[in-house]
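Engineer: A single structure is presented below for examination.
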Amino acid sequence: SAAEKGGYDYFMLKEIAEQPKAVADTLLGRIDASGSLSLDEVRISPSELREVDKVVVVACGTAFHAGLIAKYAIEHWTRIPCEVELASEFRYRDPILDARTLVIAISQSGETMDTLMALRHAREQGARVLAVCNTNGSTIPRESDAVLYTHAGPEVAVASTKAFLTQLVACYLVALYLGQVRGTKWGDEIQAVVRDLSRISCEVERVLETMEPVRELARSLASKNTVLFLGRHVGYPVALEGALKLKELAYMHAEGFAAGELKHGPIALIEEDLPVVVVVPSPRGRSVLHDKIVSNIQEIRARGARTIVIAEEGDEAVVPYADHLIRIPATPTLLQPLVATVPLQVFACELATARGNEVDQPRNLAKSVTVE
Ligand code: AGP
């Protein structure tokens with residue numbers, strides 16, 4: 001009913017708007033005043049966590065994209081090798097796991113069949129499984145050794161939004177916690193990130209306040225057939241997520257690419273007026289990534305692409321090559337997905353509406369895939 005949607009036309013719009021709160025709630029009580037993490041609810045002891053020599057993330061769909069981003073954070077902050085795999089692939093493989101492997105199973109619903117089977121597969125081989133889940137008491141956390149709940153609140157729209165942001169937050173918490181208990185050399189950086197994380201909910205709020213031009217842009221593209229998404233580093237999974245949202249909501253051909261792969265094939269797709277969304281990493285931090293993507297934008301624009309550039313405030317280098325510029329607040333590189341994904345959600349939702357599609361219940365899809 002309209003009341004359930006809190007005055008919004010769709011659950012998806014409501015859930016997009018709830019993201020600052022969802023992010024803040026997921027952090028709540030997990031970072032103490034001194035800036036150290038306490039994840040007591042994660043029932044794997046610090047001594048066991050110190051033994052971990054490999055992390056494997058398994059998930060499906062949007063949760064898998066959260067896992068892809070988690071890999072960058074886990075490897076950077078903990079120096080533990082991390083693999084990320086689609087649960088539907090992992091479960092039919094012979095993965096190399098043992099008691100020192102930490103498997104992270106990410107699932108909003110906690111009922112996704114492939115993710116459940118993947119975690120059973122992992123436990124049979126002695127690995128420990130930590131669930132990152134949004135649904136209390138669901139099957140995946142019940143069958144795991146430990147759980148870190150995301151506190152997004154119920155997500156009703158089939159297209160995942162607030163659950164994704166909170167999955168990222170939960171994965172960052174796990175990565176930082178692993179770093180903390182293992183005393184990695186990134187101690188100072190960990191402290192700084194913890195501070196930045198506690199501010200991120202306000203940054204998401206600011207993004208939401210500036211979405212009207214994104215909606216206008218989406219409406220102007222309603223008759224297009226294809227939209228491409230490019231990113232590098234953590235911007236690459238963000239590009240994949242932007243494309244997935246567009247597929248499921250707008251029923252458009254949408255694909256995400258690692259920008260470095262352009263020359264290895266995808267650039268052949270570029271034609272006059274083809275919309276290409278580019279997620280630009282911060283010019284501070286790893287500036288080499290930034291410079292590379294600016295040349296990628298130049299390359300595709302020279303071939304006729306209509307460039308839709310998502311870049312941090314104050315990044316002037318992209319201005320000459322952006323047909324449309326979407327600004328996001330400056331964040332540390334690893335946290336950028338928390339702000340960069342939001343415009344892509346709004347973009348897909350508005351395109352779906354403009355094309356007359358059912359936003360909350362896209363055709364052929366179910367909220368959780370509990371069948372094989
Ligand atoms: C996202 O918009 C999708 N509807 C879908 O990819 C979803 O993320 C996937 O099915 C995984 O679901 P889960 O998080 O409940 O396991």
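Identifiers in this document derive from the order of the structure tokens: chains are assigned A, B, ..., residues are numbered from 1 separately in each chain, and ligands are numbered from 1 in order of occurrence.
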Name the residues in contact with Lys292 of chain A at a cut-off of 12 Å, using only C-alpha atoms, excluding same-chain residues fewer than 2 positions from it; report them as a PyMOL selection string.
Structural biologist: chain A and resi 230-233+258-262+278-283+286-290+294-299+317-318
Engineer: Could those selected residues go to a file with N, CA and C atoms, as a PDB file, in the first residue's frame?
Structural biologist:
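Below you can see out36.pdb, which holds the result:
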```
ATOM      1  N   LEU A 230      31.796   1.781 -17.453  1.00  0.00           N
ATOM      2  CA  LEU A 230      33.230   1.517 -17.331  1.00  0.00           C
ATOM      3  C   LEU A 230      33.739   1.934 -15.957  1.00  0.00           C
ATOM      4  N   GLY A 231      34.672   1.161 -15.440  1.00  0.00           N
ATOM      5  CA  GLY A 231      35.303   1.542 -14.186  1.00  0.00           C
ATOM      6  C   GLY A 231      36.649   0.855 -14.062  1.00  0.00           C
ATOM      7  N   ARG A 232      37.416   1.280 -13.098  1.00  0.00           N
ATOM      8  CA  ARG A 232      38.692   0.642 -12.782  1.00  0.00           C
ATOM      9  C   ARG A 232      38.742   0.418 -11.273  1.00  0.00           C
ATOM     10  N   HIS A 233      39.552  -0.554 -10.847  1.00  0.00           N
ATOM     11  CA  HIS A 233      39.728  -0.775  -9.401  1.00  0.00           C
ATOM     12  C   HIS A 233      38.332  -0.991  -8.807  1.00  0.00           C
ATOM     13  N   ALA A 258      35.790  -3.437 -17.273  1.00  0.00           N
ATOM     14  CA  ALA A 258      36.979  -2.818 -16.689  1.00  0.00           C
ATOM     15  C   ALA A 258      37.545  -1.917 -17.783  1.00  0.00           C
ATOM     16  N   ALA A 259      37.762  -0.654 -17.464  1.00  0.00           N
ATOM     17  CA  ALA A 259      38.160   0.307 -18.497  1.00  0.00           C
ATOM     18  C   ALA A 259      39.445  -0.127 -19.207  1.00  0.00           C
ATOM     19  N   GLY A 260      40.301  -0.818 -18.495  1.00  0.00           N
ATOM     20  CA  GLY A 260      41.548  -1.289 -19.095  1.00  0.00           C
ATOM     21  C   GLY A 260      41.336  -2.344 -20.164  1.00  0.00           C
ATOM     22  N   GLU A 261      40.144  -2.907 -20.223  1.00  0.00           N
ATOM     23  CA  GLU A 261      39.824  -3.926 -21.213  1.00  0.00           C
ATOM     24  C   GLU A 261      39.306  -3.347 -22.522  1.00  0.00           C
ATOM     25  N   LEU A 262      39.030  -2.046 -22.540  1.00  0.00           N
ATOM     26  CA  LEU A 262      38.444  -1.409 -23.729  1.00  0.00           C
ATOM     27  C   LEU A 262      39.118  -1.840 -25.020  1.00  0.00           C
ATOM     28  N   VAL A 278      30.919   6.388 -16.976  1.00  0.00           N
ATOM     29  CA  VAL A 278      32.280   6.109 -16.511  1.00  0.00           C
ATOM     30  C   VAL A 278      32.416   6.507 -15.038  1.00  0.00           C
ATOM     31  N   VAL A 279      32.831   5.544 -14.237  1.00  0.00           N
ATOM     32  CA  VAL A 279      33.051   5.803 -12.807  1.00  0.00           C
ATOM     33  C   VAL A 279      34.520   6.180 -12.633  1.00  0.00           C
ATOM     34  N   VAL A 280      34.752   7.406 -12.221  1.00  0.00           N
ATOM     35  CA  VAL A 280      36.124   7.934 -12.168  1.00  0.00           C
ATOM     36  C   VAL A 280      36.683   7.860 -10.753  1.00  0.00           C
ATOM     37  N   PRO A 281      37.822   7.197 -10.582  1.00  0.00           N
ATOM     38  CA  PRO A 281      38.426   7.162  -9.243  1.00  0.00           C
ATOM     39  C   PRO A 281      38.936   8.542  -8.835  1.00  0.00           C
ATOM     40  N   SER A 282      39.137   8.715  -7.566  1.00  0.00           N
ATOM     41  CA  SER A 282      39.619   9.992  -7.046  1.00  0.00           C
ATOM     42  C   SER A 282      40.964  10.368  -7.673  1.00  0.00           C
ATOM     43  N   PRO A 283      41.143  11.668  -8.010  1.00  0.00           N
ATOM     44  CA  PRO A 283      42.455  12.110  -8.498  1.00  0.00           C
ATOM     45  C   PRO A 283      43.498  12.159  -7.376  1.00  0.00           C
ATOM     46  N   ARG A 286      45.286   7.057  -5.635  1.00  0.00           N
ATOM     47  CA  ARG A 286      46.025   6.408  -6.718  1.00  0.00           C
ATOM     48  C   ARG A 286      45.843   7.206  -8.000  1.00  0.00           C
ATOM     49  N   SER A 287      46.618   8.270  -8.178  1.00  0.00           N
ATOM     50  CA  SER A 287      46.357   9.179  -9.296  1.00  0.00           C
ATOM     51  C   SER A 287      46.600   8.512 -10.644  1.00  0.00           C
ATOM     52  N   VAL A 288      47.389   7.436 -10.652  1.00  0.00           N
ATOM     53  CA  VAL A 288      47.627   6.755 -11.925  1.00  0.00           C
ATOM     54  C   VAL A 288      46.319   6.188 -12.487  1.00  0.00           C
ATOM     55  N   LEU A 289      45.483   5.690 -11.593  1.00  0.00           N
ATOM     56  CA  LEU A 289      44.180   5.158 -12.012  1.00  0.00           C
ATOM     57  C   LEU A 289      43.328   6.261 -12.619  1.00  0.00           C
ATOM     58  N   HIS A 290      43.376   7.409 -11.962  1.00  0.00           N
ATOM     59  CA  HIS A 290      42.592   8.545 -12.427  1.00  0.00           C
ATOM     60  C   HIS A 290      43.038   8.968 -13.825  1.00  0.00           C
ATOM     61  N   VAL A 294      40.866   9.004 -17.365  1.00  0.00           N
ATOM     62  CA  VAL A 294      40.641  10.219 -18.151  1.00  0.00           C
ATOM     63  C   VAL A 294      41.011   9.934 -19.612  1.00  0.00           C
ATOM     64  N   SER A 295      42.105   9.213 -19.849  1.00  0.00           N
ATOM     65  CA  SER A 295      42.399   8.902 -21.258  1.00  0.00           C
ATOM     66  C   SER A 295      41.380   7.946 -21.850  1.00  0.00           C
ATOM     67  N   ASN A 296      40.850   7.017 -21.046  1.00  0.00           N
ATOM     68  CA  ASN A 296      39.778   6.149 -21.556  1.00  0.00           C
ATOM     69  C   ASN A 296      38.567   6.982 -21.986  1.00  0.00           C
ATOM     70  N   ILE A 297      38.230   7.991 -21.191  1.00  0.00           N
ATOM     71  CA  ILE A 297      37.064   8.829 -21.540  1.00  0.00           C
ATOM     72  C   ILE A 297      37.339   9.555 -22.867  1.00  0.00           C
ATOM     73  N   GLN A 298      38.561  10.073 -22.993  1.00  0.00           N
ATOM     74  CA  GLN A 298      38.926  10.742 -24.254  1.00  0.00           C
ATOM     75  C   GLN A 298      38.803   9.785 -25.439  1.00  0.00           C
ATOM     76  N   GLU A 299      39.285   8.553 -25.246  1.00  0.00           N
ATOM     77  CA  GLU A 299      39.272   7.566 -26.335  1.00  0.00           C
ATOM     78  C   GLU A 299      37.862   7.247 -26.806  1.00  0.00           C
ATOM     79  N   ALA A 317      39.808  17.658 -14.188  1.00  0.00           N
ATOM     80  CA  ALA A 317      40.422  17.049 -15.369  1.00  0.00           C
ATOM     81  C   ALA A 317      39.401  16.383 -16.290  1.00  0.00           C
ATOM     82  N   VAL A 318      38.263  15.958 -15.724  1.00  0.00           N
ATOM     83  CA  VAL A 318      37.275  15.240 -16.537  1.00  0.00           C
ATOM     84  C   VAL A 318      36.335  16.197 -17.282  1.00  0.00           C
TER      85      VAL A 318
END
```
Engineer: Could you report the residues within 6 Å of ligand 1, using only C-alpha atoms and all ligand atoms, as a PyMOL selection string?
Structural biologist: chain A and resi 60-63+107-110+112+158-160+367-369
Engineer: Which residues are near Ala243 of chain A? Cut-off 8 Å, only C-alpha atoms, ignore same chain within fewer than 4 positions. Put them as a ChimeraX atom specification.
Structural biologist: /A:227-229,239,247,254-256
Engineer: Among segment 106-157 of chain A, which ones does DSSP place in helix (DSSP H, G or I), written as a list in words?
Structural biologist: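 Across segment 106-157 of chain A, those assigned helix (DSSP H, G or I) are Met113, Asp114, Thr115, Leu116, Met117, Ala118, Leu119, Arg120, His121, Ala122, Arg123, Glu124, Thr139, Ile140, Pro141 and Arg142 of chain A.
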Engineer: Env of Met211 of chain A: 8 Å cut, atoms = only C-alpha atoms, seq-sep filter 3 positions within chain, self excluded. Answer as a PyMOL selection string.
Structural biologist: chain A and resi 207-208+214-215+343+346
Engineer: Return the single residue from A:Ile326, A:Ala250, A:Ile80, A:Leu173 that is closest to Gln361 of chain A, with distances computed using only C-alpha atoms.
Structural biologist: A:Ala250
Engineer: Find, counting only C-alpha atoms, the residue in A:Met12, A:Ala22, A:Ile308, A:Ala330 that gets nearest to Gly153 of chain A.
Structural biologist: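 Checking each of A:Met12, A:Ala22, A:Ile308, A:Ala330 against Gly153 of chain A, counting only C-alpha atoms, the winner is A:Ala22.
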Engineer: Using only C-alpha atoms, which residues sit within 9 Å of Leu119 of chain A once same-chain residues fewer than 2 positions away are excluded, as a count of residues only?
Structural biologist: 20
Engineer: For Ser88 of chain A, which residue out of A:Glu350, A:Glu18, A:Asp40, A:Glu372 is the nearest one, using only C-alpha atoms?
Structural biologist: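 So, comparing all the options, the nearest one is A:Glu372.
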Engineer: Tell me which protein, DNA and RNA residues are within 6 Å of segment 73-79 of chain A, counting only C-alpha atoms, leaving out same-chain ones fewer than 2 positions away, and put them as a PyMOL selection string.
Structural biologist: chain A and resi 70-71+81+175+179
Engineer: Output N, CA and C atoms for every residue in that selection, as a short mmCIF file (atom, residue, chain, number, x, y, z; two decimals), in the first residue's frame.
Structural biologist:
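Final output, saved to again_20.cif:
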```cif
data_model
loop_
_atom_site.label_atom_id
_atom_site.label_comp_id
_atom_site.auth_asym_id
_atom_site.auth_seq_id
_atom_site.Cartn_x
_atom_site.Cartn_y
_atom_site.Cartn_z
N ALA A 70 34.81 -5.93 -1.84
CA ALA A 70 35.42 -6.36 -0.57
C ALA A 70 36.85 -6.86 -0.77
N LYS A 71 37.07 -7.54 -1.88
CA LYS A 71 38.40 -8.09 -2.15
C LYS A 71 39.49 -7.01 -2.10
N PRO A 81 45.31 -13.14 1.03
CA PRO A 81 44.78 -13.32 -0.32
C PRO A 81 43.27 -13.56 -0.28
N ALA A 175 36.94 -6.61 7.08
CA ALA A 175 38.33 -6.40 6.63
C ALA A 175 39.12 -5.62 7.69
N GLY A 179 42.20 -6.85 10.02
CA GLY A 179 43.44 -6.06 10.10
C GLY A 179 43.78 -5.73 11.54
#
```
Engineer: Counting only C-alpha atoms, which residue out of A:Val339, A:Leu178, A:Ile270, A:Cys202 sits closest to Arg327 of chain A?
Structural biologist: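 Using only C-alpha atoms, Arg327 of chain A sits closest to A:Val339.
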Engineer: Just want the 12 Å neighbourhood of Leu148 of chain A, counted on only C-alpha atoms, with same-chain residues fewer than 3 positions away dropped. Output as a VMD selection string.
Structural biologist: chain A and resid 26 to 27 30 38 to 44 104 to 108 110 129 to 137 140 to 142 144 to 145 151 166 to 174 177
Engineer: Convert the current residue selection to file output with C-alpha atoms, as a PDB file, in the first residue's frame.
Structural biologist:
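Contents of selection03.pdb, freshly written:
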```pdb
ATOM      1  CA  THR A  26      25.097  -1.102  10.141  1.00  0.00           C
ATOM      2  CA  LEU A  27      27.993   0.752  11.768  1.00  0.00           C
ATOM      3  CA  ARG A  30      30.497  -1.781  16.100  1.00  0.00           C
ATOM      4  CA  SER A  38      34.270  -4.732  18.307  1.00  0.00           C
ATOM      5  CA  LEU A  39      32.537  -7.459  16.379  1.00  0.00           C
ATOM      6  CA  ASP A  40      31.751  -9.689  19.358  1.00  0.00           C
ATOM      7  CA  GLU A  41      28.790 -11.106  17.482  1.00  0.00           C
ATOM      8  CA  VAL A  42      31.241 -12.632  14.997  1.00  0.00           C
ATOM      9  CA  ARG A  43      31.706 -15.899  16.825  1.00  0.00           C
ATOM     10  CA  ILE A  44      35.091 -16.673  15.384  1.00  0.00           C
ATOM     11  CA  ILE A 104      32.334 -15.019   3.547  1.00  0.00           C
ATOM     12  CA  ALA A 105      28.849 -15.752   2.216  1.00  0.00           C
ATOM     13  CA  ILE A 106      27.002 -12.534   1.378  1.00  0.00           C
ATOM     14  CA  SER A 107      23.228 -12.622   1.012  1.00  0.00           C
ATOM     15  CA  GLN A 108      20.477 -10.103   1.642  1.00  0.00           C
ATOM     16  CA  GLY A 110      19.791 -15.455   3.540  1.00  0.00           C
ATOM     17  CA  VAL A 129      31.965 -19.576   7.108  1.00  0.00           C
ATOM     18  CA  LEU A 130      30.979 -16.062   8.075  1.00  0.00           C
ATOM     19  CA  ALA A 131      27.616 -14.932   6.714  1.00  0.00           C
ATOM     20  CA  VAL A 132      26.969 -11.285   5.878  1.00  0.00           C
ATOM     21  CA  CYS A 133      23.212 -11.220   5.871  1.00  0.00           C
ATOM     22  CA  ASN A 134      20.249  -8.871   6.190  1.00  0.00           C
ATOM     23  CA  THR A 135      17.617 -11.317   7.381  1.00  0.00           C
ATOM     24  CA  ASN A 136      17.614 -12.447  10.993  1.00  0.00           C
ATOM     25  CA  GLY A 137      17.443 -16.174  11.517  1.00  0.00           C
ATOM     26  CA  ILE A 140      22.379 -18.936   5.460  1.00  0.00           C
ATOM     27  CA  PRO A 141      23.318 -17.423   8.845  1.00  0.00           C
ATOM     28  CA  ARG A 142      21.827 -20.449  10.635  1.00  0.00           C
ATOM     29  CA  SER A 144      27.218 -20.578   9.062  1.00  0.00           C
ATOM     30  CA  ASP A 145      29.813 -20.544  11.833  1.00  0.00           C
ATOM     31  CA  HIS A 151      21.033  -3.543   9.424  1.00  0.00           C
ATOM     32  CA  THR A 166      25.227  -2.200   3.924  1.00  0.00           C
ATOM     33  CA  GLN A 167      26.941  -5.317   2.530  1.00  0.00           C
ATOM     34  CA  LEU A 168      29.843  -3.068   1.596  1.00  0.00           C
ATOM     35  CA  VAL A 169      29.912  -1.561   5.075  1.00  0.00           C
ATOM     36  CA  ALA A 170      29.809  -5.020   6.667  1.00  0.00           C
ATOM     37  CA  CYS A 171      32.625  -6.258   4.435  1.00  0.00           C
ATOM     38  CA  TYR A 172      34.737  -3.196   5.270  1.00  0.00           C
ATOM     39  CA  LEU A 173      34.105  -3.905   8.963  1.00  0.00           C
ATOM     40  CA  VAL A 174      35.219  -7.502   8.529  1.00  0.00           C
ATOM     41  CA  TYR A 177      38.548  -6.155  12.051  1.00  0.00           C
TER      42      TYR A 177
END
```
Engineer: Nearest to Ser198 of chain A: which of A:Lys21, A:Arg128, A:Arg363, A:Arg120 is it, counting only C-alpha atoms?
Structural biologist: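 Closest residue, counting only C-alpha atoms: A:Lys21.
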Engineer: Which of these residues is nearest to Leu197 of chain A, using only C-alpha atoms: A:Val276, A:Ala157, A:Ala366, A:Ala24?
Structural biologist: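 The shortest atom-to-atom distance to Leu197 of chain A comes from A:Ala24.
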Engineer: Can you tell me how far atom CA of Ala218 of chain A sits from atom CA of Glu316 of chain A, in Å to one decimal?
Structural biologist: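 Distance reported for this atom pair: 23.5 Å.
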Engineer: What does the structure give for the distance between atom CA of Phe164 of chain A and atom CA of Leu338 of chain A, in Å to one decimal?
Structural biologist: 8.9 Å
